[in-house]
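Chemist: The structure that follows is given in the form of structure tokens.
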Amino acid sequence: DKLTWQDNETFFQVTWAGYYRLIFRVNAILSQLEAIGDDASIGNKGQIIGEAKFLRALAYFDLVRLFGPVQLIDRVVYAEEALQMPREDINKVYVLIISDLLDAKNNLPAQYSAKDVGRATKGAASALLGRVYLTQKDFPNAETTLKEVTTLGYALLPNYNDLWNYSIEHHSEY
């Protein structure tokens, strides 16, 4: 009732650990892709990089809004090293978030076919980037970025209640 939380709340412990597990996995994927170099055998390398960076940006965006300064880990580190890393200034975290979302935007398709619906898209990256700009009170960039989303072919359903009609799969708001 006082809007205060104890530092031993399970929600925060699980959230912190889960997001850093995701960040570790993203960093591992990016590290492996970097080690491969320009090998043409991975035809969707850009898409994989875009999806990974989208997920890392989303994790850091949630972390920084929940915890303020957090550890900024943009490469593979293991527990011993991570325990020694200090929390970084919020602005440095936002620099990585924005950089990751710009990369994601440039590497992700505007939409997927039915079997891949639900994966991160250029529109998702742009919408999240716009939200980041809004959070930072960077209204000109937010407006520009969010206007881009309106040009990607998304549309609202004509009937609001259809949002909860599960017989309509893969609709325009999905």
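By order of appearance in the structure tokens: chains A, B, ..., then residues from 1 within every chain, and ligands from 1 in the order shown.
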Need the shell around Gln71 in chain A: protein/DNA/RNA residues with any atom at most 10 Å away, counting only C-alpha atoms. Skip same-chain ones fewer than 6 positions apart. Format as a PyMOL selection string?

Modeler: chain A and resi 20+60+63-64+82-90+93

Chemist: Can you write out as CSV which residues of range 62-110 of chain A fall within 10 Å of range 124-143 of chain A, alongside each residue's closest atom pair and its distance in Å to one decimal, counting only C-alpha atoms and ordering rows by chain and ascending residue number?

Modeler:
```
residue,atom,partner,partner_atom,distance
A:Arg65,CA,A:Thr135,CA,9.2
A:Asn91,CA,A:Gln136,CA,9.3
A:Tyr94,CA,A:Val132,CA,8.1
A:Ile97,CA,A:Val132,CA,8.2
A:Ile98,CA,A:Leu129,CA,6.6
A:Ser99,CA,A:Leu129,CA,9.6
A:Asp100,CA,A:Ala125,CA,9.1
A:Leu101,CA,A:Ala125,CA,5.7
A:Leu102,CA,A:Ala125,CA,7.7
A:Asp103,CA,A:Ala125,CA,9.0
A:Ala104,CA,A:Ala125,CA,6.2
A:Lys105,CA,A:Ala125,CA,5.4
A:Asn106,CA,A:Ala125,CA,9.2
A:Asn107,CA,A:Ala125,CA,9.9
A:Leu108,CA,A:Ala125,CA,8.3
A:Ala110,CA,A:Ala124,CA,8.8
```

Chemist: Excluding same-chain residues fewer than 3 positions from Ile29 in chain A, what lies within 9 Å of it counting only C-alpha atoms, as a list of chain:residue names?

Modeler: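 So the residues in contact are A:Phe24, A:Arg25, A:Val26, A:Gln32, A:Leu33, A:Glu34, A:Ile48, A:Ile49, A:Ala52.
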
Chemist: Deliver the residues from the most recent selection as a file, using C-alpha atoms, as a PDB file, in the first residue's frame.

Modeler:
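The result, stored in part07.pdb:
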```
ATOM      1  CA  PHE A  24      24.114 -14.141 -21.781  1.00  0.00           C
ATOM      2  CA  ARG A  25      22.491 -16.294 -24.471  1.00  0.00           C
ATOM      3  CA  VAL A  26      22.182 -13.379 -26.893  1.00  0.00           C
ATOM      4  CA  GLN A  32      29.468 -17.273 -32.401  1.00  0.00           C
ATOM      5  CA  LEU A  33      28.109 -15.433 -35.425  1.00  0.00           C
ATOM      6  CA  GLU A  34      31.006 -12.991 -35.252  1.00  0.00           C
ATOM      7  CA  ILE A  48      19.410 -13.896 -36.460  1.00  0.00           C
ATOM      8  CA  ILE A  49      21.494 -10.879 -35.426  1.00  0.00           C
ATOM      9  CA  ALA A  52      19.076 -11.421 -30.934  1.00  0.00           C
TER      10      ALA A  52
END
```

Chemist: Taking only range 19-110 of chain A into account, list the residues labelled helix (DSSP H, G or I) by DSSP (computed from the backbone), as JSON, numbers by chain.

Modeler: {"A": [19, 20, 21, 22, 23, 24, 25, 26, 27, 28, 29, 30, 31, 32, 33, 34, 35, 36, 45, 46, 47, 48, 49, 50, 51, 52, 53, 54, 55, 56, 57, 58, 59, 60, 61, 62, 63, 64, 65, 66, 67, 79, 80, 81, 82, 83, 84, 90, 91, 92, 93, 94, 95, 96, 97, 98, 99, 100, 101, 102, 103, 104, 105, 106, 107]}

Chemist: Take the residues from that selection and put them in a file with C-alpha atoms, as a short mmCIF file (atom, residue, chain, number, x, y, z; two decimals), in the first residue's frame.

Modeler:
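again19.cif was written with the following content:
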```cif
data_model
loop_
_atom_site.label_atom_id
_atom_site.label_comp_id
_atom_site.auth_asym_id
_atom_site.auth_seq_id
_atom_site.Cartn_x
_atom_site.Cartn_y
_atom_site.Cartn_z
CA TYR A 19 16.88 -11.24 -18.13
CA TYR A 20 20.59 -11.74 -17.53
CA ARG A 21 20.26 -15.36 -18.64
CA LEU A 22 18.68 -14.06 -21.85
CA ILE A 23 21.45 -11.45 -22.25
CA PHE A 24 24.11 -14.14 -21.78
CA ARG A 25 22.49 -16.29 -24.47
CA VAL A 26 22.18 -13.38 -26.89
CA ASN A 27 25.82 -12.46 -26.33
CA ALA A 28 26.81 -16.10 -26.94
CA ILE A 29 24.87 -16.18 -30.22
CA LEU A 30 26.37 -12.89 -31.38
CA SER A 31 29.86 -14.05 -30.42
CA GLN A 32 29.47 -17.27 -32.40
CA LEU A 33 28.11 -15.43 -35.43
CA GLU A 34 31.01 -12.99 -35.25
CA ALA A 35 33.47 -15.90 -35.11
CA ILE A 36 31.93 -17.35 -38.28
CA LYS A 45 22.60 -14.34 -40.44
CA GLY A 46 21.30 -10.76 -40.50
CA GLN A 47 17.88 -11.88 -39.31
CA ILE A 48 19.41 -13.90 -36.46
CA ILE A 49 21.49 -10.88 -35.43
CA GLY A 50 18.42 -8.65 -35.61
CA GLU A 51 16.30 -11.00 -33.50
CA ALA A 52 19.08 -11.42 -30.93
CA LYS A 53 19.69 -7.69 -30.60
CA PHE A 54 15.95 -7.03 -30.36
CA LEU A 55 15.73 -9.44 -27.43
CA ARG A 56 18.80 -7.97 -25.70
CA ALA A 57 17.40 -4.44 -26.12
CA LEU A 58 14.03 -5.51 -24.72
CA ALA A 59 15.73 -7.15 -21.72
CA TYR A 60 17.84 -4.08 -20.96
CA PHE A 61 14.88 -1.74 -21.47
CA ASP A 62 12.88 -3.63 -18.86
CA LEU A 63 15.87 -3.96 -16.52
CA VAL A 64 16.78 -0.28 -16.59
CA ARG A 65 13.19 0.77 -15.95
CA LEU A 66 12.88 -1.64 -13.03
CA PHE A 67 16.30 -1.30 -11.42
CA ALA A 79 29.75 -15.63 -13.34
CA GLU A 80 33.08 -14.78 -11.73
CA GLU A 81 33.61 -11.76 -13.97
CA ALA A 82 29.95 -10.70 -13.89
CA LEU A 83 29.99 -10.58 -10.09
CA GLN A 84 32.79 -8.00 -10.24
CA ILE A 90 21.48 4.58 -17.23
CA ASN A 91 22.46 6.69 -20.24
CA LYS A 92 25.14 4.15 -21.23
CA VAL A 93 22.55 1.38 -21.05
CA TYR A 94 20.21 3.38 -23.29
CA VAL A 95 23.04 3.84 -25.83
CA LEU A 96 23.26 0.04 -26.17
CA ILE A 97 19.47 -0.34 -26.28
CA ILE A 98 19.15 2.20 -29.10
CA SER A 99 22.10 0.75 -31.01
CA ASP A 100 20.66 -2.78 -30.75
CA LEU A 101 17.22 -1.64 -31.89
CA LEU A 102 18.64 0.26 -34.86
CA ASP A 103 20.55 -2.88 -35.88
CA ALA A 104 17.43 -4.97 -35.38
CA LYS A 105 15.36 -2.56 -37.47
CA ASN A 106 17.86 -2.80 -40.31
CA ASN A 107 18.13 -6.59 -40.22
#
```

Chemist: Grab the CA of Asp162 in chain A to CA of Thr145 in chain A distance for me, in Å with one decimal place.

Modeler: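 One can read the CA of Asp162 in chain A to CA of Thr145 in chain A distance as 27.5 Å.
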